[in-house]
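Colleague: Take a look at the following structure, please.
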Amino acid sequence: MRRQEVSIADIARVAGVSHTTVSRALRQNPLISADTRKRIRKLADEMGYTPNAIAQSLQTQQSSTIGLVVTSIADPFFGDVVKGVEEVARAAHFSVLLSASYNDPQKATDIIETYQRRRVDGILVASSRIATNYSHRIPHIRIPTVLINSQGELQASQLHWIAVDDHQGAQLAVNHLLQLGHRAIGYLGSRSRPGSNQQRLQGYIDALDQAGIQRQAAWVIQPPCDEASQDEDISVGQNALLDLLGAGVTAVFCYNDMIAIGMLTACHEKGIAVPQDLSIIGFDDIQIASCMAPPLTTIHQPRVELGRLATQVMLDLLSGHPGKNHSLPPSLVLRGSTAPLREQYR
């Protein structure tokens, strides 16, 4: 049987004071003397009293809860985003509810509906296509909602958002390879993340165009994907290797680190030396990227800062302040998977 919870009335009966006195003492109301507040708090601790969050929310009209939707709890990218969210939320005495949509737009929509029914104070949506698939409901959202690295097309005009500049990150990656002497540079994308994939592809195209390089259609591979999972990403990297080598590329810019890791694995299996025979660069700078052999050159996303900023924007909106959108700059992390083009390939 469920153990009966200790109530304010129980504490009042033991302390010999009124229900109102206990309630005020536990809320640190100055109308109650410091000695009485201290005595009642001590008694509440000894009795195992836990405040009823539902009752408090009815009084304050605030649940002190933020709902967070991520694509996958297994993706190492989101672990750092969640860390940033929780750091700021905890400091503001907010709790975080976490749910995963597994790249299913309808499931993401259902989660948001559930959060609204639970009366959360705000909603954060990470790397989802919710803005596109939920567009007809956006004008009716009454809860502050902030998108993190949204994959939708409507984020800028209808919801607040925090994002990394994917176009700039792609240009950093390709320009790095160009500076190493590579001219036949491939792009291995991910159709399961349409928003960021399009921006990274365009950054790749613009960098090659600015260098005066005539692109080949076979240099770009974007296999059909829908899971946005680690297993799928690794498989994409493994399966595309031979096609890209057959197209004559000497370097590959991968949509993310997991795809790059899949390609590194395939290179090891097929005896292709990285970076001597093929340079590979990823995107995200997840923790495992530095542990690969060779360590992966990549584009760093400030993932913890994404979570922090999104939560701060949410808290600003809840406080009645205007929300501000943020586009964060990525940075190049040089490691061992990229090297100057070998003479025989020049």
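Residue names in the structure tokens use chain letters A, B, ... in the order shown, residue numbers from 1 in each chain, and ligand numbers from 1 in the order shown.
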With only C-alpha atoms counted and 6 Å as the cut-off, give the residues of region 317-337 of chain A in contact with region 292-299 of chain A, each with its shortest interatomic distance in Å and the pair that gives it, as a tab-separated table.
Modeller:
```
residue	atom	partner	partner_atom	distance
A:Ser331	CA	A:Ile299	CA	5.6
A:Leu332	CA	A:Ile299	CA	4.7
A:Val333	CA	A:Thr298	CA	5.3
A:Leu334	CA	A:Thr297	CA	4.9
A:Arg335	CA	A:Thr297	CA	4.5
A:Gly336	CA	A:Pro295	CA	5.2
A:Ser337	CA	A:Leu296	CA	5.1
```
Colleague: Write out as an NGL selection string the residues lying within 8 Å of region 253-265 of chain A, counting only C-alpha atoms and excluding same-chain residues fewer than 6 positions away.
Modeller: :A and (173-174 or 185-190 or 197 or 200 or 230 or 233-241 or 274 or 280-286 or 289 or 292 or 296 or 298)
Colleague: Hey, can you spit out that residue selection with C-alpha atoms as a PDB file, in the first residue's frame?
Modeller:
```pdb
ATOM      1  CA  ALA A 173      35.168  22.390 -42.904  1.00  0.00           C
ATOM      2  CA  VAL A 174      35.507  22.692 -46.679  1.00  0.00           C
ATOM      3  CA  ILE A 185      35.909  16.991 -51.892  1.00  0.00           C
ATOM      4  CA  GLY A 186      32.830  14.922 -51.173  1.00  0.00           C
ATOM      5  CA  TYR A 187      29.793  15.667 -49.015  1.00  0.00           C
ATOM      6  CA  LEU A 188      27.986  12.866 -47.197  1.00  0.00           C
ATOM      7  CA  GLY A 189      24.665  14.166 -45.891  1.00  0.00           C
ATOM      8  CA  SER A 190      21.673  13.110 -43.812  1.00  0.00           C
ATOM      9  CA  ASN A 197      21.520  19.180 -43.812  1.00  0.00           C
ATOM     10  CA  ARG A 200      25.541  22.350 -44.498  1.00  0.00           C
ATOM     11  CA  GLN A 230      23.507   6.477 -34.268  1.00  0.00           C
ATOM     12  CA  ASP A 233      24.471   7.342 -39.196  1.00  0.00           C
ATOM     13  CA  ILE A 234      27.257   4.791 -38.843  1.00  0.00           C
ATOM     14  CA  SER A 235      25.703   2.673 -41.575  1.00  0.00           C
ATOM     15  CA  VAL A 236      25.528   5.709 -43.887  1.00  0.00           C
ATOM     16  CA  GLY A 237      29.243   6.347 -43.382  1.00  0.00           C
ATOM     17  CA  GLN A 238      30.176   2.726 -43.965  1.00  0.00           C
ATOM     18  CA  ASN A 239      28.039   2.231 -47.065  1.00  0.00           C
ATOM     19  CA  ALA A 240      29.042   5.415 -48.881  1.00  0.00           C
ATOM     20  CA  LEU A 241      32.810   4.955 -48.751  1.00  0.00           C
ATOM     21  CA  VAL A 274      43.285   7.954 -43.012  1.00  0.00           C
ATOM     22  CA  ILE A 280      37.677  12.865 -43.295  1.00  0.00           C
ATOM     23  CA  ILE A 281      36.067  15.697 -41.329  1.00  0.00           C
ATOM     24  CA  GLY A 282      32.905  15.554 -39.225  1.00  0.00           C
ATOM     25  CA  PHE A 283      30.532  17.983 -37.523  1.00  0.00           C
ATOM     26  CA  ASP A 284      29.440  18.254 -33.849  1.00  0.00           C
ATOM     27  CA  ASP A 285      32.638  17.415 -31.890  1.00  0.00           C
ATOM     28  CA  ILE A 286      31.008  14.740 -29.738  1.00  0.00           C
ATOM     29  CA  ALA A 289      35.411  11.958 -31.861  1.00  0.00           C
ATOM     30  CA  MET A 292      39.007   7.553 -32.669  1.00  0.00           C
ATOM     31  CA  LEU A 296      38.529  13.036 -35.863  1.00  0.00           C
ATOM     32  CA  THR A 298      35.503  18.150 -36.809  1.00  0.00           C
TER      33      THR A 298
END
```
Colleague: As a PyMOL selection string, please: all residues of region 24-84 of chain A that backbone DSSP puts in helix (DSSP H, G or I).
Modeller: chain A and resi 24-26+34-47+53-60+76-84
Colleague: Looking at A:Arg118, A:Asp166, A:Arg27, A:Ala228, which one is nearest to Gln202 (chain A), with distances taken over only C-alpha atoms?
Modeller: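 Nearest candidate to Gln202 (chain A) out of A:Arg118, A:Asp166, A:Arg27, A:Ala228: A:Asp166.
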Colleague: Skipping near chain neighbours, those fewer than 3 positions away, what residues fall within 7 Å of Asn325 (chain A) using only C-alpha atoms, listed as number ranges by chain?
Modeller: A: 160-162
Colleague: Please produce a file of the residues just selected, as an mmCIF file, in the first residue's frame, where the atoms kept are N, CA, C and O atoms.
Modeller:
```
data_model
loop_
_atom_site.group_PDB
_atom_site.id
_atom_site.type_symbol
_atom_site.label_atom_id
_atom_site.label_comp_id
_atom_site.auth_asym_id
_atom_site.auth_seq_id
_atom_site.Cartn_x
_atom_site.Cartn_y
_atom_site.Cartn_z
ATOM 1 N N HIS A 160 10.504 31.380 -31.078
ATOM 2 C CA HIS A 160 11.869 31.751 -30.711
ATOM 3 C C HIS A 160 12.795 30.557 -30.941
ATOM 4 O O HIS A 160 12.370 29.402 -30.838
ATOM 5 N N TRP A 161 14.052 30.825 -31.240
ATOM 6 C CA TRP A 161 14.956 29.739 -31.589
ATOM 7 C C TRP A 161 16.393 30.060 -31.192
ATOM 8 O O TRP A 161 16.804 31.226 -31.089
ATOM 9 N N ILE A 162 17.142 28.975 -30.981
ATOM 10 C CA ILE A 162 18.585 29.017 -30.738
ATOM 11 C C ILE A 162 19.197 28.019 -31.707
ATOM 12 O O ILE A 162 18.726 26.884 -31.816
#
```
